[in-house]
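Next up, final-v7.txt (compact mmCIF, C-alpha atoms):
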# COMPACT_ATOMS: atom_id res chain seq x y z
CA MET V 1 118.51 -10.44 -49.47
CA SER V 2 117.25 -10.95 -45.90
CA SER V 3 114.26 -13.16 -45.15
CA SER V 4 112.09 -10.13 -44.21
CA GLU V 5 112.96 -8.46 -47.54
CA LYS V 6 112.02 -11.68 -49.34
CA GLU V 7 108.72 -11.81 -47.43
CA GLN V 8 107.94 -8.18 -48.32
CA LYS V 9 108.76 -8.83 -51.99
CA SER V 10 106.57 -11.95 -51.94
CA GLU V 11 103.67 -10.02 -50.33
CA LYS V 12 103.93 -7.27 -52.98
CA LYS V 13 103.92 -9.88 -55.76
CA THR V 14 100.87 -11.57 -54.21
CA GLU V 15 99.04 -8.20 -53.98
CA LYS V 16 99.91 -7.44 -57.62
CA ASP V 17 98.71 -10.90 -58.73
CA LYS V 18 95.43 -10.44 -56.80
CA SER V 19 94.94 -7.02 -58.39
CA GLN V 20 95.52 -8.42 -61.89
CA LYS V 21 93.11 -11.32 -61.28
CA LYS V 22 90.55 -8.92 -59.82
CA SER V 23 90.89 -6.60 -62.84
CA SER V 24 90.34 -9.47 -65.27
CA ASN V 25 87.22 -10.57 -63.33
CA VAL V 26 85.53 -7.16 -63.51
CA ARG V 27 82.15 -7.35 -65.21
CA PHE V 28 80.79 -4.28 -66.93
CA GLU V 29 77.01 -4.14 -67.27
CA ASN V 30 75.20 -2.34 -70.08
CA GLY V 31 73.83 1.02 -68.91
CA ASP V 32 74.75 4.52 -67.80
CA TYR V 33 78.28 5.30 -66.63
CA GLN V 34 79.65 8.44 -65.03
CA ILE V 35 83.35 9.11 -64.64
CA GLN V 36 84.67 11.91 -62.43
CA VAL V 37 88.27 12.95 -62.96
CA ASN V 38 89.57 15.30 -60.28
CA ILE V 39 92.75 16.97 -61.51
CA ILE V 40 94.47 17.98 -58.29
CA GLU V 41 98.01 19.05 -59.10
CA VAL V 42 100.85 18.87 -61.60
CA ARG V 43 104.43 19.00 -60.39
CA SER V 44 108.03 19.02 -61.61
CA LEU V 45 107.33 19.40 -65.31
CA LYS V 46 110.47 19.05 -67.39
CA VAL V 47 110.90 21.17 -70.48
CA SER V 48 113.84 21.30 -72.86
CA ASP V 49 114.80 24.94 -72.24
CA ASP V 50 114.06 25.09 -68.46
CA SER V 51 111.61 27.94 -69.01
CA SER V 52 108.18 28.05 -67.42
CA VAL V 53 105.14 26.96 -69.39
CA ASP V 54 101.39 27.58 -69.44
CA PRO V 55 100.07 24.09 -68.61
CA TYR V 56 96.55 22.73 -68.80
CA ILE V 57 95.37 19.13 -68.48
CA SER V 58 93.34 17.42 -71.19
CA CYS V 59 91.40 14.23 -70.45
CA GLU V 60 89.92 11.97 -73.12
CA ILE V 61 87.58 9.02 -72.56
CA LEU V 62 85.69 7.20 -75.34
CA GLY V 63 85.99 10.17 -77.70
CA GLN V 64 84.85 12.76 -75.15
CA LYS V 65 87.52 15.34 -74.39
CA LYS V 66 87.57 17.91 -71.56
CA SER V 67 90.26 20.23 -70.23
CA THR V 68 91.16 22.18 -67.12
CA GLN V 69 91.84 25.88 -66.99
CA LYS V 70 95.28 27.02 -68.09
CA LYS V 71 97.86 28.06 -65.48
CA THR V 72 100.49 30.59 -66.49
CA LYS V 73 104.28 30.58 -66.34
CA THR V 74 104.86 27.63 -64.05
CA LEU V 75 106.30 24.10 -63.90
CA SER V 76 104.05 23.09 -60.97
CA ALA V 77 100.42 24.08 -60.40
CA MET V 78 97.34 23.35 -58.28
CA TYR V 79 94.09 22.75 -60.19
CA ASN V 80 91.52 21.08 -57.92
CA GLN V 81 89.19 20.90 -60.90
CA VAL V 82 86.71 18.06 -61.52
CA LEU V 83 85.92 16.97 -65.07
CA PHE V 84 82.63 15.06 -65.42
CA PHE V 85 82.01 12.52 -68.18
CA HIS V 86 78.63 10.88 -68.77
CA PHE V 87 78.10 7.85 -71.00
CA PRO V 88 74.39 7.02 -71.27
CA GLN V 89 73.26 3.58 -72.42
CA THR V 90 76.79 2.30 -72.97
CA GLU V 91 77.59 -1.30 -73.82
CA GLY V 92 79.54 -3.07 -71.09
CA THR V 93 82.04 -4.36 -73.66
CA GLU V 94 82.75 -0.78 -74.78
CA MET V 95 83.51 0.28 -71.19
CA GLU V 96 85.65 -2.81 -70.67
CA MET V 97 87.91 -1.79 -73.58
CA ALA V 98 87.98 1.94 -72.74
CA ARG V 99 90.99 3.91 -71.50
CA ILE V 100 91.43 7.24 -69.76
CA SER V 101 94.09 9.41 -71.41
CA LEU V 102 95.54 12.37 -69.50
CA SER V 103 97.80 14.88 -71.24
CA VAL V 104 99.64 17.86 -69.80
CA ILE V 105 99.80 20.49 -72.52
CA ASP V 106 101.65 23.79 -72.84
CA ALA V 107 99.25 26.42 -74.18
CA ASN V 108 100.99 28.54 -76.80
CA THR V 109 99.69 31.82 -78.19
CA TYR V 110 101.40 31.91 -81.57
CA THR V 111 102.29 28.28 -82.20
CA LYS V 112 100.56 24.92 -81.80
CA ASP V 113 100.02 23.76 -78.21
CA GLU V 114 102.71 21.26 -77.17
CA GLN V 115 102.24 18.04 -75.21
CA LEU V 116 104.54 17.98 -72.17
CA GLY V 117 103.49 14.70 -70.57
CA PHE V 118 101.07 11.81 -70.92
CA PHE V 119 99.51 9.02 -68.86
CA GLU V 120 96.94 6.39 -69.86
CA ILE V 121 95.07 3.81 -67.78
CA ASP V 122 92.44 1.14 -68.47
CA ILE V 123 89.02 1.84 -67.02
CA GLY V 124 88.93 -1.79 -65.81
CA ASN V 125 92.02 -1.12 -63.68
CA ILE V 126 90.15 1.59 -61.77
CA TYR V 127 86.75 -0.14 -61.74
CA SER V 128 88.32 -3.23 -60.13
CA ARG V 129 89.54 -1.19 -57.14
CA GLU V 130 87.65 -0.61 -53.92
CA ASN V 131 84.82 1.91 -54.51
CA HIS V 132 85.77 1.90 -58.21
CA GLU V 133 88.24 4.73 -57.64
CA LEU V 134 91.81 5.83 -57.89
CA TRP V 135 92.18 8.09 -54.84
CA ARG V 136 94.70 10.97 -54.74
CA GLU V 137 97.37 9.09 -56.70
CA TRP V 138 100.54 10.57 -58.19
CA LEU V 139 100.96 9.43 -61.79
CA GLY V 140 104.32 9.52 -63.56
CA LEU V 141 104.11 11.39 -66.85
CA THR V 142 106.04 10.40 -69.94
CA ASN V 143 106.47 12.34 -73.16
CA PRO V 144 106.20 10.21 -76.29
CA ASN V 145 107.64 13.12 -78.33
CA SER V 146 110.83 13.33 -76.24
CA ILE V 147 114.02 11.67 -77.41
CA GLU V 148 115.37 11.72 -73.83
CA GLY V 149 112.68 9.38 -72.47
CA GLY V 150 112.00 8.85 -68.77
CA LEU V 151 109.62 10.75 -66.52
CA CYS V 152 108.85 14.35 -67.36
CA GLY V 153 106.65 15.29 -64.39
CA TYR V 154 103.91 14.11 -62.06
CA LEU V 155 100.13 14.49 -62.05
CA LYS V 156 98.01 13.97 -58.93
CA VAL V 157 94.44 12.82 -59.62
CA SER V 158 91.41 11.10 -58.18
CA ILE V 159 89.20 9.17 -60.61
CA THR V 160 85.83 7.63 -59.72
CA ILE V 161 83.76 5.43 -62.04
CA LEU V 162 80.08 4.85 -61.36
CA GLY V 163 78.25 2.19 -63.37
CA PRO V 164 74.74 0.78 -63.32
CA GLY V 165 73.64 0.24 -59.71
CA ASP V 166 76.74 1.88 -58.18
CA THR V 167 76.48 4.59 -55.52
CA LEU V 168 78.96 7.22 -54.43
CA PRO V 169 81.14 6.11 -51.52
CA SER V 170 80.32 7.89 -48.28
Would you write the structure of this file as structure tokens?
Amino acid sequence: MSSSEKEQKSEKKTEKDKSQKKSSNVRFENGDYQIQVNIIEVRSLKVSDDSSVDPYISCEILGQKKSTQKKTKTLSAMYNQVLFFHFPQTEGTEMEMARISLSVIDANTYTKDEQLGFFEIDIGNIYSRENHELWREWLGLTNPNSIEGGLCGYLKVSITILGPGDTLPS
């Protein structure tokens, strides 16, 4: 490994360490929280029979669940749909422990809807970032029901968390 490669690896490790320290130092106040989840796009969904599916995205945060519109017969789709979650008078400790769960689901007419992919992230991970947001990020989806394992598609999202005293970035 060359010295420049070692330096780059060291810089990445330092950035990761700073991010982890920053995340653990996040302080959640008691009060009102709003979370905006912009579902932008899903791409390269993998299904067992290589047929197209009717995907929609479901998002769950602290027991509240919202979904996008369904797209038909596709393995990649544009959504550009924002899901708004409001948590009035929420304990800071509850927000600190909360997670955002995103599921890509195949809508079925005659059988139970089937989960195609899944991603979960701690709210603290996002709240510790600049402007408390995850901006236009591609997330790798996994399918806990698949015996094959590995990635089963990608989901592009933006997530913004506003807590007591926070303002929208300009």
Find the residue from V:Asn131, V:Ser67, V:Ser52, V:Gln36 that sits nearest to Pro169 of chain V; use only C-alpha atoms when measuring.
-> V:Asn131
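Residue nearest Ile39 of chain V within the list V:Leu162, V:Ile123, V:Ala107, V:Leu139: V:Leu139 [criterion: smallest interatomic distance, only C-alpha atoms].
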Could you tell me, as a tab-separated table (two decimals) with C-alpha atoms, in the coordinates of the input, which residues have any atom at most 9 Å from (108.2, 12.1, -63.1), counting all atoms listed in the file?
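Printed below is selection10.tsv as written:
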chain	number	residue	atom	x	y	z
V	43	ARG	CA	104.43	19.00	-60.39
V	44	SER	CA	108.03	19.02	-61.61
V	45	LEU	CA	107.33	19.40	-65.31
V	46	LYS	CA	110.47	19.05	-67.39
V	139	LEU	CA	100.96	9.43	-61.79
V	140	GLY	CA	104.32	9.52	-63.56
V	141	LEU	CA	104.11	11.39	-66.85
V	142	THR	CA	106.04	10.40	-69.94
V	150	GLY	CA	112.00	8.85	-68.77
V	151	LEU	CA	109.62	10.75	-66.52
V	152	CYS	CA	108.85	14.35	-67.36
V	153	GLY	CA	106.65	15.29	-64.39
V	154	TYR	CA	103.91	14.11	-62.06
V	155	LEU	CA	100.13	14.49	-62.05
Between atom CA of Lys73 of chain V and atom CA of Tyr56 of chain V, measure the distance and give it in Å to one decimal.
->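 Separation of atom CA of Lys73 of chain V and atom CA of Tyr56 of chain V: 11.3 Å.
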Given only C-alpha atoms as the counted atoms, nearest of V:Ile105, V:Ile35, V:Ile126, V:Val26 to Pro55 of chain V =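 Closest to Pro55 of chain V of all the choices is V:Ile105.
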Taking all atoms of segment 151-161 of chain V that the file lists, what box with edges along x, y and z, padded by 5 Å per side, do you get, with centre and edge lengths in Å to one decimal, as JSON?
{"center_x": 96.7, "center_y": 10.4, "center_z": -62.8, "size_x": 35.9, "size_y": 19.9, "size_z": 19.2}
Spatial neighbours of Glu133 of chain V, max dist 8 Å, only C-alpha atoms, sep filter under 4 positions, as a ChimeraX atom specification = /V:126-127,129,158-161
How many Å separate atom CA of Gly124 of chain V from atom CA of Ser170 of chain V?
-> 21.8 Å
What is the atom CA of Leu75 of chain V to atom CA of Gln115 of chain V distance in Å?
-> 13.5 Å
Name the residues in contact with Cys59 of chain V at a cut-off of 12 Å, using all atoms listed in the file, excluding same-chain residues fewer than 6 positions from it; report them as a PyMOL selection string.
-> chain V and resi 35-39+65-68+81-85+99-105+118-121+157+159
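Of the residues under consideration (V:Glu114, V:Glu94, V:Asp49, V:Asp106), V:Asp106 shows the shortest atom-to-atom contact distance to Lys70 of chain V when counting only C-alpha atoms.
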Check the smallest atom-to-atom distance from each of V:Ser51, V:Glu130, V:Phe28, V:Glu96 to Leu168 of chain V using all atoms listed in the file, then report the winner.
->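 Checking each candidate against Leu168 of chain V, we get V:Glu130 as the closest.
Proximity ranking of V:Glu148, V:Asp113, V:Gln69, V:Gly163 relative to Ser128 of chain V places V:Gly163 first, based on only C-alpha atoms.
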Could N, CA and C atoms be built for segment 90-116 of chain V and written out as a PDB file, in the coordinates of the input?
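Ended up saving to part.pdb:
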ATOM      1  N   THR V  90      75.533   2.780 -72.402  1.00  0.00           N
ATOM      2  CA  THR V  90      76.790   2.300 -72.970  1.00  0.00           C
ATOM      3  C   THR V  90      76.896   0.789 -72.818  1.00  0.00           C
ATOM      4  N   GLU V  91      77.365   0.146 -73.861  1.00  0.00           N
ATOM      5  CA  GLU V  91      77.590  -1.300 -73.820  1.00  0.00           C
ATOM      6  C   GLU V  91      78.706  -1.614 -72.831  1.00  0.00           C
ATOM      7  N   GLY V  92      78.532  -2.658 -72.049  1.00  0.00           N
ATOM      8  CA  GLY V  92      79.540  -3.070 -71.090  1.00  0.00           C
ATOM      9  C   GLY V  92      80.869  -3.397 -71.763  1.00  0.00           C
ATOM     10  N   THR V  93      80.810  -4.012 -72.947  1.00  0.00           N
ATOM     11  CA  THR V  93      82.040  -4.360 -73.660  1.00  0.00           C
ATOM     12  C   THR V  93      82.812  -3.112 -74.089  1.00  0.00           C
ATOM     13  N   GLU V  94      82.092  -2.032 -74.400  1.00  0.00           N
ATOM     14  CA  GLU V  94      82.750  -0.780 -74.780  1.00  0.00           C
ATOM     15  C   GLU V  94      83.493  -0.185 -73.577  1.00  0.00           C
ATOM     16  N   MET V  95      82.868  -0.225 -72.402  1.00  0.00           N
ATOM     17  CA  MET V  95      83.510   0.280 -71.190  1.00  0.00           C
ATOM     18  C   MET V  95      84.715  -0.588 -70.811  1.00  0.00           C
ATOM     19  N   GLU V  96      84.574  -1.876 -71.006  1.00  0.00           N
ATOM     20  CA  GLU V  96      85.650  -2.810 -70.670  1.00  0.00           C
ATOM     21  C   GLU V  96      86.926  -2.518 -71.470  1.00  0.00           C
ATOM     22  N   MET V  97      86.774  -2.061 -72.706  1.00  0.00           N
ATOM     23  CA  MET V  97      87.910  -1.790 -73.580  1.00  0.00           C
ATOM     24  C   MET V  97      88.414  -0.341 -73.471  1.00  0.00           C
ATOM     25  N   ALA V  98      87.682   0.501 -72.767  1.00  0.00           N
ATOM     26  CA  ALA V  98      87.980   1.940 -72.740  1.00  0.00           C
ATOM     27  C   ALA V  98      89.208   2.262 -71.889  1.00  0.00           C
ATOM     28  N   ARG V  99      89.817   3.402 -72.226  1.00  0.00           N
ATOM     29  CA  ARG V  99      90.990   3.910 -71.500  1.00  0.00           C
ATOM     30  C   ARG V  99      90.762   5.374 -71.180  1.00  0.00           C
ATOM     31  N   ILE V 100      91.431   5.825 -70.129  1.00  0.00           N
ATOM     32  CA  ILE V 100      91.430   7.240 -69.760  1.00  0.00           C
ATOM     33  C   ILE V 100      92.807   7.780 -70.115  1.00  0.00           C
ATOM     34  N   SER V 101      92.833   8.791 -70.973  1.00  0.00           N
ATOM     35  CA  SER V 101      94.090   9.410 -71.410  1.00  0.00           C
ATOM     36  C   SER V 101      94.189  10.803 -70.804  1.00  0.00           C
ATOM     37  N   LEU V 102      95.285  11.065 -70.108  1.00  0.00           N
ATOM     38  CA  LEU V 102      95.540  12.370 -69.500  1.00  0.00           C
ATOM     39  C   LEU V 102      96.789  12.966 -70.126  1.00  0.00           C
ATOM     40  N   SER V 103      96.665  14.191 -70.621  1.00  0.00           N
ATOM     41  CA  SER V 103      97.800  14.880 -71.240  1.00  0.00           C
ATOM     42  C   SER V 103      98.011  16.219 -70.561  1.00  0.00           C
ATOM     43  N   VAL V 104      99.265  16.527 -70.272  1.00  0.00           N
ATOM     44  CA  VAL V 104      99.640  17.860 -69.800  1.00  0.00           C
ATOM     45  C   VAL V 104     100.143  18.605 -71.021  1.00  0.00           C
ATOM     46  N   ILE V 105      99.531  19.760 -71.285  1.00  0.00           N
ATOM     47  CA  ILE V 105      99.800  20.490 -72.520  1.00  0.00           C
ATOM     48  C   ILE V 105     100.219  21.912 -72.205  1.00  0.00           C
ATOM     49  N   ASP V 106     101.199  22.402 -72.936  1.00  0.00           N
ATOM     50  CA  ASP V 106     101.650  23.790 -72.840  1.00  0.00           C
ATOM     51  C   ASP V 106     100.838  24.611 -73.837  1.00  0.00           C
ATOM     52  N   ALA V 107     100.042  25.554 -73.318  1.00  0.00           N
ATOM     53  CA  ALA V 107      99.250  26.420 -74.180  1.00  0.00           C
ATOM     54  C   ALA V 107     100.159  27.489 -74.785  1.00  0.00           C
ATOM     55  N   ASN V 108     100.164  27.560 -76.095  1.00  0.00           N
ATOM     56  CA  ASN V 108     100.990  28.540 -76.800  1.00  0.00           C
ATOM     57  C   ASN V 108     100.100  29.528 -77.546  1.00  0.00           C
ATOM     58  N   THR V 109     100.481  30.789 -77.538  1.00  0.00           N
ATOM     59  CA  THR V 109      99.690  31.820 -78.190  1.00  0.00           C
ATOM     60  C   THR V 109      99.883  31.822 -79.697  1.00  0.00           C
ATOM     61  N   TYR V 110     101.113  31.740 -80.149  1.00  0.00           N
ATOM     62  CA  TYR V 110     101.400  31.910 -81.570  1.00  0.00           C
ATOM     63  C   TYR V 110     101.725  30.616 -82.308  1.00  0.00           C
ATOM     64  N   THR V 111     101.986  29.563 -81.576  1.00  0.00           N
ATOM     65  CA  THR V 111     102.290  28.280 -82.200  1.00  0.00           C
ATOM     66  C   THR V 111     101.346  27.222 -81.661  1.00  0.00           C
ATOM     67  N   LYS V 112     101.416  26.029 -82.226  1.00  0.00           N
ATOM     68  CA  LYS V 112     100.560  24.920 -81.800  1.00  0.00           C
ATOM     69  C   LYS V 112     100.877  24.537 -80.349  1.00  0.00           C
ATOM     70  N   ASP V 113      99.820  24.236 -79.573  1.00  0.00           N
ATOM     71  CA  ASP V 113     100.020  23.760 -78.210  1.00  0.00           C
ATOM     72  C   ASP V 113     100.903  22.514 -78.239  1.00  0.00           C
ATOM     73  N   GLU V 114     101.730  22.341 -77.197  1.00  0.00           N
ATOM     74  CA  GLU V 114     102.710  21.260 -77.170  1.00  0.00           C
ATOM     75  C   GLU V 114     102.463  20.328 -75.993  1.00  0.00           C
ATOM     76  N   GLN V 115     102.415  19.031 -76.270  1.00  0.00           N
ATOM     77  CA  GLN V 115     102.240  18.040 -75.210  1.00  0.00           C
ATOM     78  C   GLN V 115     103.524  17.933 -74.398  1.00  0.00           C
ATOM     79  N   LEU V 116     103.386  18.070 -73.067  1.00  0.00           N
ATOM     80  CA  LEU V 116     104.540  17.980 -72.170  1.00  0.00           C
ATOM     81  C   LEU V 116     104.644  16.609 -71.504  1.00  0.00           C
TER      82      LEU V 116
END
